[in-house]
$ cat final.cif   # mmCIF, C-alpha atoms and all ligand atoms
data_start
#
loop_
_atom_site.label_atom_id
_atom_site.label_comp_id
_atom_site.auth_asym_id
_atom_site.auth_seq_id
_atom_site.Cartn_x
_atom_site.Cartn_y
_atom_site.Cartn_z
CA MET A 141 -14.38 -12.77 8.26
CA PHE A 142 -15.88 -11.70 4.95
CA LEU A 143 -12.76 -12.43 2.90
CA SER A 144 -10.14 -14.76 4.26
CA ILE A 145 -6.92 -15.63 2.53
CA GLU A 146 -5.21 -18.45 4.39
CA SER A 147 -1.54 -19.44 3.82
CA VAL A 148 -1.88 -18.91 0.09
CA GLY A 149 0.98 -19.92 -2.17
CA LEU A 150 1.11 -19.34 -5.93
CA ARG A 151 3.83 -20.37 -8.34
CA TYR A 152 3.96 -19.69 -12.08
CA ALA A 153 4.80 -22.59 -14.37
CA GLY A 154 8.56 -22.89 -14.80
CA ALA A 155 9.36 -20.46 -11.94
CA SER A 156 11.87 -21.56 -9.30
CA GLN A 157 10.04 -19.92 -6.42
CA ASP A 158 6.57 -18.86 -5.36
CA ALA A 159 5.33 -15.45 -6.52
CA VAL A 160 3.05 -15.48 -3.44
CA GLN A 161 4.34 -17.25 -0.32
CA GLY A 162 2.10 -18.28 2.56
CA VAL A 163 0.02 -15.10 2.60
CA THR A 164 -2.66 -14.88 5.28
CA LEU A 165 -5.02 -11.92 5.65
CA SER A 166 -8.67 -11.20 6.21
CA LEU A 167 -11.09 -8.37 5.50
CA ALA A 168 -14.32 -7.52 7.29
CA LYS A 169 -17.44 -6.73 5.28
CA GLY A 170 -17.35 -3.20 3.86
CA ASP A 171 -13.63 -2.76 4.57
CA ILE A 172 -11.07 -1.68 2.01
CA GLY A 173 -7.74 -3.47 2.08
CA VAL A 174 -4.74 -2.14 0.19
CA LEU A 175 -1.72 -4.16 -0.88
CA ILE A 176 1.47 -2.21 -1.38
CA GLY A 177 5.02 -3.23 -2.15
CA PRO A 178 7.85 -2.82 -4.64
CA SER A 179 7.53 -3.85 -8.27
CA GLY A 180 7.44 -7.62 -8.71
CA CYS A 181 6.67 -8.40 -5.05
CA GLY A 182 3.52 -10.37 -5.91
CA LYS A 183 0.65 -7.89 -5.36
CA THR A 184 -1.01 -8.49 -8.72
CA SER A 185 -0.47 -12.24 -8.45
CA LEU A 186 -2.33 -12.35 -5.13
CA LEU A 187 -5.18 -10.28 -6.57
CA ARG A 188 -5.38 -12.57 -9.60
CA ALA A 189 -5.54 -15.59 -7.31
CA VAL A 190 -8.51 -14.05 -5.48
CA ALA A 191 -10.16 -13.30 -8.84
CA GLY A 192 -9.61 -16.93 -9.91
CA LEU A 193 -7.35 -15.95 -12.82
CA GLU A 194 -4.46 -17.93 -11.27
CA ARG A 195 -4.57 -21.23 -9.41
CA ILE A 196 -3.06 -21.50 -5.94
CA HIS A 197 -0.96 -24.52 -4.98
CA GLN A 198 -1.18 -23.94 -1.26
CA GLY A 199 -3.77 -22.60 1.17
CA ARG A 200 -7.35 -21.49 0.83
CA ILE A 201 -9.36 -18.41 -0.18
CA ARG A 202 -12.85 -17.99 1.25
CA LEU A 203 -15.52 -15.36 0.66
CA GLN A 204 -18.38 -15.23 3.14
CA GLY A 205 -17.37 -18.69 4.32
CA GLU A 206 -17.53 -20.21 0.84
CA ALA A 207 -14.29 -21.62 -0.57
CA LEU A 208 -13.29 -19.89 -3.80
CA ALA A 209 -10.10 -21.93 -3.94
CA ASP A 210 -8.72 -24.66 -1.73
CA ALA A 211 -5.41 -26.19 -2.75
CA ALA A 212 -5.69 -29.26 -0.49
CA ALA A 213 -9.16 -30.05 -1.82
CA GLU A 214 -8.05 -29.23 -5.38
CA GLN A 215 -10.93 -26.82 -5.59
CA HIS A 216 -10.90 -23.81 -7.93
CA LEU A 217 -14.06 -21.87 -8.62
CA ALA A 218 -14.10 -20.30 -12.10
CA PRO A 219 -13.64 -16.49 -12.12
CA GLU A 220 -17.16 -15.88 -13.47
CA SER A 221 -18.69 -17.88 -10.59
CA ARG A 222 -16.98 -15.84 -7.84
CA ARG A 223 -19.14 -12.66 -7.82
CA VAL A 224 -15.93 -10.67 -7.77
CA GLY A 225 -15.62 -7.42 -9.74
CA LEU A 226 -12.39 -6.27 -11.33
CA VAL A 227 -10.98 -2.86 -12.23
CA PHE A 228 -7.56 -2.87 -13.84
CA GLN A 229 -5.23 -0.09 -14.89
CA ASP A 230 -6.13 -0.19 -18.58
CA PHE A 231 -9.67 1.10 -18.47
CA ALA A 232 -10.92 -1.35 -21.12
CA LEU A 233 -14.21 0.45 -21.69
CA PHE A 234 -15.94 -0.75 -24.84
CA PRO A 235 -15.07 2.09 -27.24
CA HIS A 236 -18.11 1.62 -29.47
CA LEU A 237 -20.60 1.68 -26.56
CA SER A 238 -21.92 4.78 -24.80
CA VAL A 239 -21.17 5.36 -21.13
CA GLN A 240 -24.59 4.03 -20.10
CA ALA A 241 -24.25 0.98 -22.35
CA ASN A 242 -20.83 0.27 -20.84
CA VAL A 243 -22.26 0.37 -17.32
CA ALA A 244 -25.27 -1.73 -18.37
CA PHE A 245 -23.02 -4.41 -19.85
CA GLY A 246 -23.07 -6.76 -16.87
CA LEU A 247 -26.78 -6.20 -16.17
CA ARG A 248 -28.35 -8.14 -19.00
CA HIS A 249 -30.10 -10.39 -16.49
CA LEU A 250 -32.18 -7.43 -15.23
CA ALA A 251 -35.47 -6.21 -16.70
CA PRO A 252 -34.95 -3.06 -18.87
CA ASN A 253 -36.46 -0.64 -16.33
CA GLU A 254 -34.43 -2.13 -13.47
CA ARG A 255 -31.30 -2.02 -15.62
CA LYS A 256 -31.91 1.63 -16.49
CA ALA A 257 -32.41 2.52 -12.82
CA ARG A 258 -29.26 0.69 -11.78
CA VAL A 259 -27.18 2.41 -14.48
CA GLU A 260 -28.49 5.81 -13.35
CA GLU A 261 -27.75 4.97 -9.73
CA MET A 262 -24.17 3.89 -10.51
CA LEU A 263 -23.44 6.89 -12.75
CA SER A 264 -24.71 9.29 -10.12
CA LEU A 265 -22.61 7.46 -7.49
CA VAL A 266 -19.45 8.18 -9.51
CA GLY A 267 -20.60 11.73 -10.33
CA LEU A 268 -21.21 11.15 -14.05
CA GLY A 269 -25.00 11.23 -14.26
CA HIS A 270 -24.73 13.97 -16.90
CA ALA A 271 -22.42 11.94 -19.16
CA ALA A 272 -24.62 8.86 -19.73
CA LYS A 273 -24.94 9.35 -23.47
CA ARG A 274 -21.32 10.23 -24.20
CA MET A 275 -18.87 7.89 -25.85
CA PRO A 276 -15.69 6.87 -23.99
CA HIS A 277 -13.41 8.95 -26.27
CA GLN A 278 -15.36 12.07 -25.23
CA LEU A 279 -14.31 11.59 -21.60
CA SER A 280 -11.12 12.47 -19.74
CA GLY A 281 -8.93 9.67 -18.36
CA GLY A 282 -10.29 10.23 -14.85
CA GLN A 283 -13.88 10.16 -16.10
CA GLN A 284 -13.22 6.96 -18.03
CA GLN A 285 -11.88 5.35 -14.91
CA ARG A 286 -15.00 6.39 -13.00
CA VAL A 287 -17.12 4.72 -15.69
CA ALA A 288 -15.00 1.58 -15.32
CA LEU A 289 -15.68 1.72 -11.59
CA ALA A 290 -19.43 2.20 -12.14
CA ARG A 291 -19.42 -0.73 -14.55
CA ALA A 292 -17.63 -2.97 -12.04
CA LEU A 293 -19.96 -1.94 -9.19
CA ALA A 294 -23.20 -2.23 -11.20
CA PRO A 295 -23.71 -6.01 -10.78
CA ALA A 296 -23.16 -5.53 -7.00
CA PRO A 297 -20.12 -7.80 -6.66
CA GLN A 298 -19.49 -9.24 -3.21
CA LEU A 299 -15.89 -8.16 -3.53
CA LEU A 300 -14.22 -5.59 -5.78
CA LEU A 301 -10.60 -6.03 -6.82
CA LEU A 302 -8.73 -3.00 -8.12
CA ASP A 303 -5.24 -3.24 -9.58
CA GLU A 304 -3.50 0.17 -9.85
CA PRO A 305 -6.60 1.67 -11.45
CA PHE A 306 -5.16 5.19 -11.45
CA SER A 307 -1.61 4.44 -12.54
CA SER A 308 -1.98 6.04 -15.95
CA LEU A 309 -3.43 9.27 -14.56
CA ASP A 310 -1.49 12.35 -13.49
CA VAL A 311 -0.63 12.95 -9.83
CA ASP A 312 -3.29 15.57 -9.00
CA LEU A 313 -6.04 13.51 -10.52
CA ARG A 314 -4.85 10.39 -8.73
CA GLU A 315 -5.03 12.18 -5.42
CA SER A 316 -8.58 13.47 -5.88
CA LEU A 317 -9.76 10.17 -7.40
CA SER A 318 -8.38 8.14 -4.52
CA GLN A 319 -10.40 10.22 -2.06
CA ASP A 320 -13.49 9.89 -4.28
CA LEU A 321 -12.94 6.16 -4.63
CA ARG A 322 -13.00 5.64 -0.89
CA ALA A 323 -16.23 7.64 -0.59
CA ILE A 324 -17.81 5.74 -3.50
CA LEU A 325 -16.87 2.31 -2.12
CA LYS A 326 -18.12 3.24 1.34
CA ALA A 327 -21.39 4.59 -0.10
CA ALA A 328 -21.85 1.35 -2.04
CA GLN A 329 -20.83 -0.64 1.09
CA THR A 330 -18.43 -2.60 -1.08
CA THR A 331 -15.66 -4.75 0.33
CA ALA A 332 -12.56 -4.17 -1.78
CA LEU A 333 -8.95 -5.20 -2.20
CA PHE A 334 -6.82 -2.55 -3.92
CA VAL A 335 -3.28 -2.85 -5.26
CA THR A 336 -0.96 0.13 -5.56
CA HIS A 337 2.69 1.04 -5.26
CA ASP A 338 1.77 4.57 -4.12
CA GLN A 339 1.90 5.05 -0.34
CA ALA A 340 -0.21 8.21 -0.28
CA GLU A 341 -2.88 6.35 -2.22
CA ALA A 342 -2.67 3.34 0.11
CA PHE A 343 -3.09 5.53 3.19
CA ALA A 344 -5.90 7.59 1.65
CA ILE A 345 -7.94 4.56 0.62
CA GLY A 346 -7.23 1.66 2.96
CA ASP A 347 -8.87 0.63 6.21
CA ARG A 348 -6.13 -1.99 6.27
CA VAL A 349 -2.78 -1.82 4.55
CA GLY A 350 -0.66 -4.85 3.70
CA VAL A 351 3.01 -4.56 2.81
CA ILE A 352 4.31 -7.33 0.55
CA HIS A 353 7.98 -8.10 0.01
CA GLN A 354 9.26 -10.94 -2.17
CA GLY A 355 5.91 -12.70 -2.13
CA ARG A 356 5.45 -12.50 1.64
CA LEU A 357 3.04 -10.30 3.56
CA GLU A 358 5.23 -8.51 6.09
CA GLN A 359 2.45 -6.60 7.85
CA TRP A 360 -1.33 -6.33 7.65
CA ASP A 361 -2.60 -3.53 9.84
CA GLU A 362 -4.29 -0.16 10.00
CA ALA A 363 -2.36 2.45 8.02
CA TYR A 364 -1.47 4.37 11.20
CA THR A 365 0.10 1.26 12.73
CA VAL A 366 1.99 0.36 9.55
CA TYR A 367 3.52 3.86 9.57
CA HIS A 368 4.18 4.26 13.28
CA ARG A 369 4.77 0.68 14.36
CA PRO A 370 6.26 -1.08 11.35
CA ALA A 371 6.49 -4.80 12.10
CA THR A 372 9.69 -5.46 10.19
CA ARG A 373 12.77 -3.63 9.09
CA PHE A 374 11.61 -3.89 5.49
CA VAL A 375 8.28 -2.19 6.26
CA ALA A 376 10.08 0.51 8.25
CA GLY A 377 12.38 1.25 5.32
CA PHE A 378 9.74 0.99 2.62
CA ILE A 379 7.04 3.19 4.16
CA GLY A 380 7.72 6.90 4.59
CA HIS A 381 11.09 8.63 4.66
CA GLY A 382 13.42 7.56 7.40
CA VAL A 383 16.82 6.21 8.34
CA PHE A 384 18.13 3.69 10.86
CA VAL A 385 20.59 5.10 13.40
CA PRO A 386 22.57 3.20 16.05
CA GLY A 387 21.04 3.23 19.52
CA THR A 388 21.31 1.62 22.94
CA LEU A 389 18.12 0.54 24.68
CA GLU A 390 18.14 1.55 28.35
CA GLY A 391 14.84 0.71 30.02
CA ASN A 392 12.17 2.97 28.54
CA GLN A 393 14.69 5.08 26.67
CA VAL A 394 17.04 4.73 23.74
CA ARG A 395 20.36 6.55 23.67
CA THR A 396 21.25 7.88 20.19
CA ALA A 397 23.54 10.46 18.60
CA LEU A 398 20.57 12.83 18.88
CA GLY A 399 20.25 12.29 22.63
CA LEU A 400 17.87 10.18 24.69
CA LEU A 401 14.59 9.18 23.07
CA GLU A 402 11.73 8.59 25.49
CA ASN A 403 8.63 6.48 24.82
CA ALA A 404 10.53 3.27 24.12
CA GLN A 405 8.24 1.21 26.36
CA ASP A 406 6.77 -0.65 23.38
CA CYS A 407 10.20 -1.71 22.13
CA PRO A 408 11.59 -5.16 22.93
CA LEU A 409 13.27 -5.43 26.34
CA PRO A 410 16.93 -4.35 26.30
CA GLY A 411 17.95 -8.00 26.76
CA ALA A 412 16.54 -8.73 23.28
CA TYR A 413 19.59 -7.04 21.79
CA PRO A 414 23.17 -7.91 22.84
CA GLY A 415 24.31 -5.09 25.16
CA GLY A 416 21.05 -3.25 24.34
CA HIS A 417 22.63 -2.24 20.99
CA CYS A 418 20.06 -1.79 18.28
CA GLU A 419 19.04 0.46 15.45
CA VAL A 420 16.35 3.09 15.79
CA LEU A 421 14.03 4.20 13.03
CA LEU A 422 14.08 7.97 12.76
CA ARG A 423 11.52 9.27 10.31
CA ALA A 424 11.78 12.66 8.64
CA ASP A 425 9.03 13.97 10.91
CA ASP A 426 10.82 12.69 14.05
CA VAL A 427 13.73 15.10 13.44
CA VAL A 428 12.85 18.70 14.27
CA HIS A 429 14.82 21.81 13.29
CA ASP A 430 15.43 23.91 16.40
CA ASP A 431 17.97 26.78 16.49
CA HIS A 432 18.41 26.25 20.24
CA ALA A 433 19.09 22.50 20.05
CA PRO A 434 22.59 21.46 21.14
CA THR A 435 23.03 19.07 18.21
CA GLN A 436 24.23 20.56 14.93
CA ALA A 437 23.81 18.88 11.56
CA ARG A 438 25.14 19.83 8.14
CA ILE A 439 22.70 19.99 5.23
CA GLU A 440 23.94 17.58 2.56
CA HIS A 441 20.99 17.73 0.21
CA LYS A 442 17.56 19.34 0.08
CA VAL A 443 14.34 18.71 -1.83
CA PHE A 444 11.54 21.28 -1.97
CA ARG A 445 8.15 19.68 -1.40
CA GLY A 446 5.91 22.74 -1.19
CA ALA A 447 4.95 22.99 2.47
CA GLU A 448 8.30 21.58 3.59
CA PHE A 449 11.88 20.85 2.64
CA LEU A 450 13.17 17.33 2.96
CA TYR A 451 16.72 17.84 4.21
CA THR A 452 19.35 15.10 4.20
CA LEU A 453 21.60 15.89 7.17
CA GLN A 454 24.89 14.68 8.55
CA LEU A 455 26.01 14.86 12.18
CA THR A 456 29.65 15.43 13.17
CA ASP A 457 30.04 11.66 13.85
CA GLY A 458 28.91 10.88 10.29
CA THR A 459 25.36 9.77 11.20
CA ARG A 460 22.95 10.52 8.33
CA LEU A 461 19.41 11.73 9.04
CA ILE A 462 16.43 12.97 7.09
CA ALA A 463 14.33 15.86 8.36
CA ALA A 464 11.09 17.38 7.11
CA VAL A 465 11.35 21.09 7.88
CA PRO A 466 8.66 23.74 7.18
CA SER A 467 9.66 25.43 3.95
CA HIS A 468 9.94 28.93 5.43
CA HIS A 469 13.20 27.61 6.96
CA ASP A 470 15.10 27.84 3.68
CA HIS A 471 18.72 26.94 4.49
CA HIS A 472 21.57 26.32 2.05
CA VAL A 473 23.27 23.05 1.33
CA GLY A 474 26.45 23.01 3.45
CA GLU A 475 24.88 25.10 6.25
CA TRP A 476 24.82 23.78 9.85
CA ILE A 477 21.45 23.82 11.60
CA GLY A 478 20.29 22.83 15.11
CA ILE A 479 18.16 19.69 15.34
CA ARG A 480 16.60 17.49 17.97
CA ALA A 481 14.62 14.28 17.95
CA GLN A 482 10.92 14.34 18.74
CA ALA A 483 9.68 10.80 18.24
CA ASP A 484 6.31 9.86 19.70
CA HIS A 485 6.71 6.27 18.55
CA VAL A 486 10.15 4.80 19.06
CA VAL A 487 10.78 1.73 16.92
CA THR A 488 13.93 -0.37 17.24
CA PHE A 489 15.34 -3.26 15.26
CA ALA A 490 18.27 -5.62 15.67
CA THR A 491 21.41 -4.14 14.16
CA ALA A 492 21.78 -5.21 10.55
CA ALA A 493 24.58 -7.75 10.13
CA PRO A 494 27.65 -6.04 8.64
CA PRO A 495 28.52 -7.26 5.12
CA ALA A 496 30.81 -10.30 5.18
CA PRO A 497 34.47 -9.46 4.44
CA GLU A 498 35.66 -10.23 0.89
CA SER A 499 37.73 -13.23 2.08
CA ALA A 500 34.67 -14.83 3.75
CA ARG A 501 32.56 -14.39 0.63
CA ALA A 502 35.06 -16.10 -1.68
N1 LIG B 1 2.32 -14.79 -15.94
C1 LIG B 1 3.47 -14.91 -15.28
N2 LIG B 1 4.32 -15.92 -15.53
C2 LIG B 1 5.49 -16.05 -14.86
N3 LIG B 1 5.90 -15.21 -13.88
C3 LIG B 1 5.09 -14.18 -13.59
C4 LIG B 1 3.85 -13.97 -14.26
N4 LIG B 1 3.26 -12.86 -13.75
C5 LIG B 1 4.11 -12.40 -12.80
N5 LIG B 1 5.21 -13.18 -12.69
C6 LIG B 1 6.32 -13.03 -11.74
O1 LIG B 1 5.79 -13.12 -10.44
C7 LIG B 1 6.38 -12.17 -9.57
C8 LIG B 1 5.30 -11.28 -8.97
O2 LIG B 1 4.73 -10.51 -10.01
P1 LIG B 1 3.49 -9.55 -9.77
O3 LIG B 1 3.03 -9.05 -11.12
O4 LIG B 1 2.50 -10.23 -8.92
O5 LIG B 1 4.16 -8.37 -8.95
P2 LIG B 1 3.60 -6.92 -8.57
O6 LIG B 1 3.95 -6.72 -7.16
O7 LIG B 1 2.18 -6.80 -8.96
O8 LIG B 1 4.51 -6.00 -9.49
P3 LIG B 1 4.20 -4.56 -10.21
O9 LIG B 1 4.03 -3.57 -9.11
O10 LIG B 1 5.44 -4.33 -11.02
O11 LIG B 1 2.97 -4.76 -11.04
C9 LIG B 1 7.41 -11.42 -10.40
O12 LIG B 1 8.66 -12.03 -10.18
C10 LIG B 1 6.95 -11.64 -11.82
O13 LIG B 1 8.04 -11.63 -12.70
#
$ encode --input "final.cif" --output "structure tokens" --more "lines below"
Ligand SMILES: Nc1ncnc2c1ncn2[C@@H]1O[C@H](COP(=O)(O)OP(=O)(O)OP(=O)(O)O)[C@@H](O)[C@H]1O
Amino acid sequence: MFLSIESVGLRYAGASQDAVQGVTLSLAKGDIGVLIGPSGCGKTSLLRAVAGLERIHQGRIRLQGEALADAAAEQHLAPESRRVGLVFQDFALFPHLSVQANVAFGLRHLAPNERKARVEEMLSLVGLGHAAKRMPHQLSGGQQQRVALARALAPAPQLLLLDEPFSSLDVDLRESLSQDLRAILKAAQTTALFVTHDQAEAFAIGDRVGVIHQGRLEQWDEAYTVYHRPATRFVAGFIGHGVFVPGTLEGNQVRTALGLLENAQDCPLPGAYPGGHCEVLLRADDVVHDDHAPTQARIEHKVFRGAEFLYTLQLTDGTRLIAAVPSHHDHHVGEWIGIRAQADHVVTFATAAPPAPESARA
């Protein structure tokens, strides 16, 4: 593999536990990996370890077979020797240098004509060929971030690391930039590791998506698999909108308050759960509004999201669900509507342990 991170552990001085715990992942050449997870889960720490800005105390990081860091061998290659490019959220363009001088900054080893050609190539790659002579303050936030990207790509790093590069930009710009970024990285055939807490961004950019929770990598897979076949309960709850409802696994089907769900053949065998009792992940897009459905649900809450409403629903037995319903079905809070389940991918988990009674906790 082009990049391989093997059982990496990282602990900050004075901390009581590892910020990164036994993380293993690999990236093929030209692939874009995205790390996503809640604040403080260790995404940035892992990226900094790959960059060489933090030392690892366990495991190994290799790039094209060469060890960048190896805890057992006490090996730690300095950041500047790693041929790794960095783009962080604060653009950090040199304010007193023009756009072209910013991009040329890491190219001092090239002859002037080669340097000029490379700067032109990079600026045209990020769509800013016309802005070469401008100063950073004459650019929008999105344009500045493109220059930062051109500057990081100019020395042709083997690996590009990006830490929430769009976090200070507004939502619309983020969305268009994340699509552009993917196209730019693919055009430059750059292998990249990208950190974000934004799921839409992760799915738009990543060939592989990794979900980190409390320093551990819970899943490392294609985005489609992370969404439809979450490996752990945490991933299932963190990605997308969904709820867990009680179910009973019966062969290839799961019985729930919304009726029988088919397509459970990829779930564990019923014997994996005592009595077949489990919990089923029902995502907002698995619950369909249908006036003719026998099951009625009361709308508890609704959020308008443009093309659809996200309804929070309650069944007569108290089960809570979330449903994404096309926004021309504009119902009132308190109204009862017909719903049915339509889940192509049925995912089950062991029932969460009920909270211990007060007396047991004392
Ligand atoms: N320099 C540091 N010294 C000590 N602890 C640190 C340091 N940097 C991060 N941490 C701790 O390590 C853990 C992981 O932090 P990290 O910044 O990697 O998380 P993150 O997932 O990138 O979070 P965010 O999305 O908020 O940026 C946190 O508990 C954080 O408080």
$ closest_atom_pairs --input "final.cif" --of "chain A" --to "ligand LIG 1 (chain B)" --cutoff "8 Å" --atoms "all atoms listed in the file" --output "CSV"
residue,atom,partner,partner_atom,distance
A:Arg151,CA,B:LIG1,O1,7.8
A:Tyr152,CA,B:LIG1,C2,4.8
A:Ala153,CA,B:LIG1,C2,6.6
A:Gly154,CA,B:LIG1,C2,7.5
A:Ala155,CA,B:LIG1,C2,6.6
A:Asp158,CA,B:LIG1,O1,7.7
A:Ala159,CA,B:LIG1,O1,4.6
A:Val160,CA,B:LIG1,C8,7.3
A:Ile176,CA,B:LIG1,O6,7.7
A:Gly177,CA,B:LIG1,O6,6.2
A:Pro178,CA,B:LIG1,O9,5.9
A:Ser179,CA,B:LIG1,O10,3.5
A:Gly180,CA,B:LIG1,O5,3.4
A:Cys181,CA,B:LIG1,O6,3.8
A:Gly182,CA,B:LIG1,O4,3.2
A:Lys183,CA,B:LIG1,O6,3.9
A:Thr184,CA,B:LIG1,O7,3.6
A:Ser185,CA,B:LIG1,O4,3.6
A:Leu186,CA,B:LIG1,O4,6.5
A:Val335,CA,B:LIG1,O7,7.7
A:Thr336,CA,B:LIG1,O9,7.2
A:His337,CA,B:LIG1,O9,6.2
A:Ile352,CA,B:LIG1,O6,7.7
A:Gln354,CA,B:LIG1,C8,7.9
A:Gly355,CA,B:LIG1,C8,7.0
$ residues_around --input "final.cif" --residues "segment 221-231 of chain A" --least-positions-apart "3" --cutoff "8 Å" --atoms "only C-alpha atoms" --output "list in words"
Ala191, Gly192, Leu208, Leu217, Ala218, Gln284, Gln285, Ala288, Leu289, Ala292, Leu293, Pro297, Gln298, Leu299, Leu300, Leu301, Leu302, Asp303, Glu304, Pro305, Phe306, Ser307 and Ser308 of chain A
$ write_last_selection --input "final.cif" --atoms "C-alpha atoms" --output "short mmCIF file (atom, residue, chain, number, x, y, z; two decimals), in the frame of the given file"
data_model
loop_
_atom_site.label_atom_id
_atom_site.label_comp_id
_atom_site.auth_asym_id
_atom_site.auth_seq_id
_atom_site.Cartn_x
_atom_site.Cartn_y
_atom_site.Cartn_z
CA ALA A 191 -10.16 -13.30 -8.84
CA GLY A 192 -9.61 -16.93 -9.91
CA LEU A 208 -13.29 -19.89 -3.80
CA LEU A 217 -14.06 -21.87 -8.62
CA ALA A 218 -14.10 -20.30 -12.10
CA GLN A 284 -13.22 6.96 -18.03
CA GLN A 285 -11.88 5.35 -14.91
CA ALA A 288 -15.00 1.58 -15.32
CA LEU A 289 -15.68 1.72 -11.59
CA ALA A 292 -17.63 -2.97 -12.04
CA LEU A 293 -19.96 -1.94 -9.19
CA PRO A 297 -20.12 -7.80 -6.66
CA GLN A 298 -19.49 -9.24 -3.21
CA LEU A 299 -15.89 -8.16 -3.53
CA LEU A 300 -14.22 -5.59 -5.78
CA LEU A 301 -10.60 -6.03 -6.82
CA LEU A 302 -8.73 -3.00 -8.12
CA ASP A 303 -5.24 -3.24 -9.58
CA GLU A 304 -3.50 0.17 -9.85
CA PRO A 305 -6.60 1.67 -11.45
CA PHE A 306 -5.16 5.19 -11.45
CA SER A 307 -1.61 4.44 -12.54
CA SER A 308 -1.98 6.04 -15.95
#
$ residues_around --input "final.cif" --residues "Leu313 of chain A" --least-positions-apart "4" --cutoff "7 Å" --atoms "only C-alpha atoms" --output "JSON list (two decimals) with C-alpha atoms, in the frame of the given file"
[["chain", "number", "residue", "atom", "x", "y", "z"],
["A", 282, "GLY", "CA", -10.29, 10.23, -14.85],
["A", 309, "LEU", "CA", -3.43, 9.27, -14.56],
["A", 317, "LEU", "CA", -9.76, 10.17, -7.40]]
$ residues_around --input "final.cif" --residues "segment 464-466 of chain A" --least-positions-apart "6" --cutoff "8 Å" --atoms "all atoms listed in the file" --output "list in words"
Ala424, Asp425, Val427, Val428, His429, Ala447, Glu448, Phe449, Leu450 and Tyr451 of chain A
$ closest_residue --input "final.cif" --among "A:Thr488, A:Thr372, A:Gln454, A:Thr330" --to "Phe384 of chain A" --atoms "all atoms listed in the file"
A:Thr488
$ atom_distance --input "final.cif" --atom1 "atom CA of Glu362 of chain A" --atom2 "atom CA of Asp312 of chain A"
24.7 Å
$ closest_residue --input "final.cif" --among "A:Arg460, A:Lys326, A:Lys169, A:Arg373" --to "Ala490 of chain A" --atoms "only C-alpha atoms"
A:Arg373
$ build_atoms --input "final.cif" --residues "segment 357-369 of chain A" --atoms "N, CA and C atoms" --output "mmCIF file, in the coordinates of the input"
data_model
loop_
_atom_site.group_PDB
_atom_site.id
_atom_site.type_symbol
_atom_site.label_atom_id
_atom_site.label_comp_id
_atom_site.auth_asym_id
_atom_site.auth_seq_id
_atom_site.Cartn_x
_atom_site.Cartn_y
_atom_site.Cartn_z
ATOM 1 N N LEU A 357 3.719 -11.435 2.928
ATOM 2 C CA LEU A 357 3.040 -10.300 3.560
ATOM 3 C C LEU A 357 3.779 -9.994 4.853
ATOM 4 N N GLU A 358 4.413 -8.827 4.912
ATOM 5 C CA GLU A 358 5.230 -8.510 6.090
ATOM 6 C C GLU A 358 4.409 -7.878 7.203
ATOM 7 N N GLN A 359 3.319 -7.202 6.829
ATOM 8 C CA GLN A 359 2.450 -6.600 7.850
ATOM 9 C C GLN A 359 1.076 -6.372 7.248
ATOM 10 N N TRP A 360 0.059 -6.547 8.072
ATOM 11 C CA TRP A 360 -1.330 -6.330 7.650
ATOM 12 C C TRP A 360 -1.999 -5.627 8.821
ATOM 13 N N ASP A 361 -2.190 -4.315 8.685
ATOM 14 C CA ASP A 361 -2.600 -3.530 9.840
ATOM 15 C C ASP A 361 -3.303 -2.265 9.370
ATOM 16 N N GLU A 362 -3.778 -1.481 10.353
ATOM 17 C CA GLU A 362 -4.290 -0.160 10.000
ATOM 18 C C GLU A 362 -3.116 0.686 9.518
ATOM 19 N N ALA A 363 -3.430 1.639 8.614
ATOM 20 C CA ALA A 363 -2.360 2.450 8.020
ATOM 21 C C ALA A 363 -1.519 3.137 9.099
ATOM 22 N N TYR A 364 -2.170 3.654 10.132
ATOM 23 C CA TYR A 364 -1.470 4.370 11.200
ATOM 24 C C TYR A 364 -0.425 3.456 11.848
ATOM 25 N N THR A 365 -0.818 2.206 12.079
ATOM 26 C CA THR A 365 0.100 1.260 12.730
ATOM 27 C C THR A 365 1.248 0.889 11.791
ATOM 28 N N VAL A 366 0.928 0.704 10.512
ATOM 29 C CA VAL A 366 1.990 0.360 9.550
ATOM 30 C C VAL A 366 3.038 1.479 9.532
ATOM 31 N N TYR A 367 2.591 2.728 9.613
ATOM 32 C CA TYR A 367 3.520 3.860 9.570
ATOM 33 C C TYR A 367 4.292 3.997 10.885
ATOM 34 N N HIS A 368 3.543 3.967 11.998
ATOM 35 C CA HIS A 368 4.180 4.260 13.280
ATOM 36 C C HIS A 368 4.764 3.057 14.004
ATOM 37 N N ARG A 369 4.246 1.880 13.713
ATOM 38 C CA ARG A 369 4.770 0.680 14.360
ATOM 39 C C ARG A 369 5.056 -0.388 13.313
#
